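Enquirer: Here it is, the structure in full.
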Amino acid sequence: MLHSPPVVGSGSGLVAVWTEDAAPLDTAWHDGTCVPTETEWDAFEAFCARHGQTPTVHALSHAAPELLSALNARGFQLTYVLHVYAHDLKDLPLTPPNMHQTDNALDWAGLAAQGFGPSTAEIMRAVALAPGKRLWWAKVDGQPVATGAYSVVSGVAALHGTATRPEFRGRGLQTALLAARLNAAQQERADLATVMVTPGTGSERNVMRAGFRLAGMRLTWTAAH
C-alpha cells in the first residue's frame, strides 16, 4: 500500500514515496520544475531516514542540467539510466491473436514475477493493484506466459510490466503485446504512448521495431552515504 506520498516543499517539484512492502517503489521523482532548496532536500533525506530507505531520485533528462549541481553537492551519484521512447499511435500493426486484457490482478502479478524474477513479487503485486492499470497477457496453447500493462494519464499511455516466462522467450510475444497495447491505447483516444527500456537490450530493439522513437532518458541518482 502506498503511504501518503509527500510533496517535499511547496513548489519543489520533488515527490517522495514510501510503500512499506515494495522497496523498489520507495523513491522520489522530480518533475523538472524548480530545483529544491537546501531545506527541501533536508526534508526529503529526513523522510527517507525515517522510513529506512536510501535516498533515490528519478528525473527525466531535460531536468538534469539544473539538478546536477545540487545532487552532486549532496553526495548523490548517477546509478541507473533508462531510455525513454515515445510513439504517436499512428500506423499501428494489427493486434495479433492470443493477446488478452485481464482483470485478474494477482494472477497477472504472479506471472510477471516469473518473468522478472522471484524477488519482484511484491512490486509486481503493487503494480497490478494500482488504480487505472490495464493488464494484458499473451497466451500460448491457452496458457498465459507473458505480461504487459499500461495506464493512461492526460492522453499519454505509459507502457510497462513487460515480462515473459524464460521458457517462452524468443517467440515474439513482447512484440505482440506491444502491438496489442498500442492499439488499445489508441482506442482509448490516447495521443501518445511512452515506454522506458534498458539501453542496448532486446527490449529496446523491440520498441524501436514497433515504431517508437527515442525521446530522452530517465536518470536515477542515489545517495552515496
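Identifiers in this document derive from the order of the C-alpha cells: chains are assigned A, B, ..., residues are numbered from 1 separately in each chain, and ligands are numbered from 1 in order of occurrence.
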I'd like the contact shell of Tyr150 (chain A) - 10 Å cut-off, only C-alpha atoms, skipping same-chain residues fewer than 3 positions apart - returned as a list in words.

Expert: Gly132, Lys133, Arg134, Leu135, Trp136, Val156, Ala157, Ala158, Leu159, His160, Gly161, Thr162, Arg181, Leu182, Ala184, Ala185, Ala193, Thr194 and Val195 of chain A

Enquirer: For the residues selected in the previous step, produce a file with all heavy atoms as a short mmCIF file (atom, residue, chain, number, x, y, z; two decimals), in the first residue's frame.

Expert:
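What follows is the written file selection-v5.cif:
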data_model
loop_
_atom_site.label_atom_id
_atom_site.label_comp_id
_atom_site.auth_asym_id
_atom_site.auth_seq_id
_atom_site.Cartn_x
_atom_site.Cartn_y
_atom_site.Cartn_z
N GLY A 132 -6.32 2.31 -12.13
CA GLY A 132 -6.24 2.66 -13.54
C GLY A 132 -5.34 1.79 -14.39
O GLY A 132 -5.04 2.13 -15.53
N LYS A 133 -4.91 0.66 -13.85
CA LYS A 133 -3.99 -0.21 -14.58
C LYS A 133 -4.75 -1.07 -15.59
O LYS A 133 -5.79 -1.64 -15.29
CB LYS A 133 -3.24 -1.10 -13.60
CG LYS A 133 -1.93 -1.63 -14.14
CD LYS A 133 -0.91 -0.55 -14.32
CE LYS A 133 -0.57 0.15 -13.03
NZ LYS A 133 0.43 1.22 -13.22
N ARG A 134 -4.23 -1.13 -16.82
CA ARG A 134 -4.74 -2.05 -17.84
C ARG A 134 -3.74 -3.20 -17.94
O ARG A 134 -2.60 -2.99 -18.34
CB ARG A 134 -4.88 -1.38 -19.19
CG ARG A 134 -6.07 -0.45 -19.33
CD ARG A 134 -5.91 0.84 -18.60
NE ARG A 134 -6.76 1.91 -19.12
CZ ARG A 134 -6.96 3.06 -18.53
NH1 ARG A 134 -6.37 3.32 -17.36
NH2 ARG A 134 -7.73 3.97 -19.08
N LEU A 135 -4.18 -4.39 -17.59
CA LEU A 135 -3.30 -5.55 -17.54
C LEU A 135 -3.55 -6.47 -18.73
O LEU A 135 -4.70 -6.80 -19.05
CB LEU A 135 -3.54 -6.33 -16.24
CG LEU A 135 -3.42 -5.53 -14.95
CD1 LEU A 135 -3.81 -6.40 -13.76
CD2 LEU A 135 -2.00 -4.99 -14.77
N TRP A 136 -2.46 -6.87 -19.37
CA TRP A 136 -2.55 -7.74 -20.55
C TRP A 136 -1.64 -8.95 -20.35
O TRP A 136 -0.63 -8.87 -19.66
CB TRP A 136 -2.08 -6.98 -21.80
CG TRP A 136 -3.08 -5.98 -22.30
CD1 TRP A 136 -3.38 -4.77 -21.77
CD2 TRP A 136 -3.93 -6.13 -23.45
NE1 TRP A 136 -4.35 -4.14 -22.51
CE2 TRP A 136 -4.71 -4.95 -23.55
CE3 TRP A 136 -4.11 -7.13 -24.41
CZ2 TRP A 136 -5.64 -4.75 -24.56
CZ3 TRP A 136 -5.03 -6.94 -25.42
CH2 TRP A 136 -5.80 -5.76 -25.50
N VAL A 156 -1.72 10.34 -22.32
CA VAL A 156 -0.45 9.64 -22.53
C VAL A 156 -0.55 8.25 -21.91
O VAL A 156 -0.83 8.11 -20.72
CB VAL A 156 0.73 10.40 -21.91
CG1 VAL A 156 2.02 9.61 -22.10
CG2 VAL A 156 0.84 11.79 -22.54
N ALA A 157 -0.32 7.22 -22.74
CA ALA A 157 -0.33 5.84 -22.28
C ALA A 157 1.09 5.43 -21.91
O ALA A 157 1.98 5.45 -22.77
CB ALA A 157 -0.88 4.92 -23.36
N ALA A 158 1.31 5.08 -20.65
CA ALA A 158 2.63 4.64 -20.19
C ALA A 158 2.64 3.12 -20.16
O ALA A 158 1.90 2.50 -19.39
CB ALA A 158 2.93 5.20 -18.81
N LEU A 159 3.48 2.51 -21.00
CA LEU A 159 3.57 1.06 -21.09
C LEU A 159 4.65 0.54 -20.15
O LEU A 159 5.73 1.14 -20.04
CB LEU A 159 3.91 0.63 -22.53
CG LEU A 159 2.75 0.54 -23.53
CD1 LEU A 159 2.02 1.86 -23.69
CD2 LEU A 159 3.26 0.05 -24.88
N HIS A 160 4.38 -0.58 -19.48
CA HIS A 160 5.32 -1.15 -18.53
C HIS A 160 4.91 -2.59 -18.23
O HIS A 160 4.03 -3.14 -18.88
CB HIS A 160 5.36 -0.32 -17.24
CG HIS A 160 4.01 -0.06 -16.67
ND1 HIS A 160 3.21 0.97 -17.08
CD2 HIS A 160 3.29 -0.73 -15.73
CE1 HIS A 160 2.06 0.96 -16.42
NE2 HIS A 160 2.09 -0.07 -15.60
N GLY A 161 5.57 -3.21 -17.23
CA GLY A 161 5.19 -4.55 -16.81
C GLY A 161 5.46 -5.62 -17.84
O GLY A 161 4.76 -6.65 -17.88
N THR A 162 6.48 -5.43 -18.66
CA THR A 162 6.77 -6.32 -19.78
C THR A 162 7.66 -7.47 -19.32
O THR A 162 8.82 -7.27 -18.98
CB THR A 162 7.47 -5.54 -20.90
OG1 THR A 162 6.64 -4.44 -21.30
CG2 THR A 162 7.74 -6.42 -22.09
N ARG A 181 -1.19 -3.38 -26.91
CA ARG A 181 -1.37 -2.24 -26.02
C ARG A 181 -1.42 -0.92 -26.77
O ARG A 181 -2.16 -0.01 -26.40
CB ARG A 181 -0.26 -2.23 -24.97
CG ARG A 181 -0.41 -3.33 -23.92
CD ARG A 181 0.74 -3.35 -22.94
NE ARG A 181 1.97 -3.82 -23.57
CZ ARG A 181 3.17 -3.71 -23.02
NH1 ARG A 181 3.33 -3.12 -21.86
NH2 ARG A 181 4.24 -4.19 -23.64
N LEU A 182 -0.63 -0.80 -27.84
CA LEU A 182 -0.69 0.42 -28.64
C LEU A 182 -2.07 0.60 -29.26
O LEU A 182 -2.64 1.70 -29.27
CB LEU A 182 0.38 0.39 -29.73
CG LEU A 182 1.82 0.54 -29.24
CD1 LEU A 182 2.80 0.29 -30.39
CD2 LEU A 182 2.07 1.92 -28.65
N ALA A 184 -4.89 -0.70 -28.15
CA ALA A 184 -5.86 -0.44 -27.08
C ALA A 184 -5.78 1.01 -26.62
O ALA A 184 -6.81 1.65 -26.38
CB ALA A 184 -5.60 -1.39 -25.92
N ALA A 185 -4.56 1.54 -26.51
CA ALA A 185 -4.41 2.94 -26.09
C ALA A 185 -4.99 3.88 -27.13
O ALA A 185 -5.62 4.89 -26.79
CB ALA A 185 -2.93 3.24 -25.87
N ALA A 193 2.05 7.28 -26.66
CA ALA A 193 2.43 6.17 -25.79
C ALA A 193 3.91 6.29 -25.48
O ALA A 193 4.71 6.71 -26.32
CB ALA A 193 2.15 4.83 -26.46
N THR A 194 4.28 5.95 -24.25
CA THR A 194 5.69 6.00 -23.85
C THR A 194 6.09 4.67 -23.22
O THR A 194 5.25 3.93 -22.70
CB THR A 194 5.95 7.12 -22.83
OG1 THR A 194 5.23 6.84 -21.62
CG2 THR A 194 5.52 8.48 -23.39
N VAL A 195 7.38 4.40 -23.26
CA VAL A 195 7.91 3.21 -22.61
C VAL A 195 9.36 3.48 -22.25
O VAL A 195 10.05 4.25 -22.94
CB VAL A 195 7.79 1.97 -23.53
CG1 VAL A 195 8.66 2.10 -24.77
CG2 VAL A 195 8.12 0.68 -22.77
#

Enquirer: Could you give me, as a Markdown table, every region 78-124 of chain A residue with an atom at most 12 Å from region 220-223 of chain A, plus its closest atom pair and distance in Å to one decimal, counting only C-alpha atoms, rows ordered by chain then number?

Expert:
| residue | atom | partner | partner_atom | distance |
| --- | --- | --- | --- | --- |
| A:Leu78 | CA | A:Trp221 | CA | 4.4 |
| A:Thr79 | CA | A:Trp221 | CA | 5.5 |
| A:Tyr80 | CA | A:Thr220 | CA | 5.1 |
| A:Val81 | CA | A:Thr220 | CA | 6.3 |
| A:Leu82 | CA | A:Thr220 | CA | 8.6 |
| A:His83 | CA | A:Thr220 | CA | 11.6 |

Enquirer: Using DSSP on the backbone coordinates, identify all residues within region 24-77 of chain A classified as strand (DSSP E); present the result as an NGL selection string.

Expert: :A and (28-30 or 56-60 or 76-77)

Enquirer: If you run DSSP on the backbone here, which positions in region 19-53 of chain A get alpha helix (DSSP H)? Please write them as a PyMOL selection string.

Expert: chain A and resi 38-50

Enquirer: Selected residues, C-alpha atoms, written as a tab-separated table (two decimals), in the first residue's frame, please.

Expert:
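Output contents, as saved in part_30.tsv:
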chain	number	residue	atom	x	y	z
A	38	GLU	CA	18.51	23.08	0.82
A	39	THR	CA	15.65	22.94	3.32
A	40	GLU	CA	13.59	20.87	0.91
A	41	TRP	CA	16.47	18.47	0.24
A	42	ASP	CA	16.91	18.14	4.01
A	43	ALA	CA	13.21	17.29	4.36
A	44	PHE	CA	13.49	14.63	1.64
A	45	GLU	CA	16.51	12.99	3.24
A	46	ALA	CA	14.83	13.08	6.64
A	47	PHE	CA	11.76	11.39	5.13
A	48	CYS	CA	14.00	8.62	3.74
A	49	ALA	CA	15.83	8.20	7.04
A	50	ARG	CA	12.54	7.97	8.91

Enquirer: Return the single residue from A:Arg125, A:His87, A:Arg165, A:His100 that is closest to Met208 (chain A), with distances computed using only C-alpha atoms.

Expert: A:His87

Enquirer: Which residue, A:Val140, A:Ala23, A:Leu68, A:Ala215, has the smallest gap to Ala121 (chain A) when you use only C-alpha atoms?

Expert: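 Answer, going by the shortest atom-to-atom distance: A:Ala23.
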
Enquirer: Residues within 9 Å of Ala176 (chain A), please, as a list in words. Count only C-alpha atoms; anything in the same chain fewer than 2 positions from it doesn't count.

Expert: Thr95, Pro96, Pro97, Met99, Ala138, Gly172, Leu173, Gln174, Leu178, Ala179, Ala180 and Arg181 of chain A

Enquirer: Given the choices A:Gln186, A:Thr175, A:Gln77, A:Thr164, which gets closest to Lys90 (chain A) if the distance is worked out from only C-alpha atoms?

Expert: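 Looking at the shortest contact to Lys90 (chain A), the residue is A:Gln186.
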
Enquirer: In Å, how far is it from CA of Met124 (chain A) to CA of Asp31 (chain A)?

Expert: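 The value is 24.1 Å.
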
Enquirer: Would you work out the distance separating CA of Ala105 (chain A) from CA of Thr27 (chain A), expressed in Å to one decimal?

Expert: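 Spanning CA of Ala105 (chain A) to CA of Thr27 (chain A) is a straight-line distance of 23.4 Å.
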
Enquirer: Select, from A:Pro93, A:Pro36, A:Gly170, A:Pro65, the residue with the minimum atom-to-atom distance to Ala210 (chain A), counting only C-alpha atoms.

Expert: A:Pro93
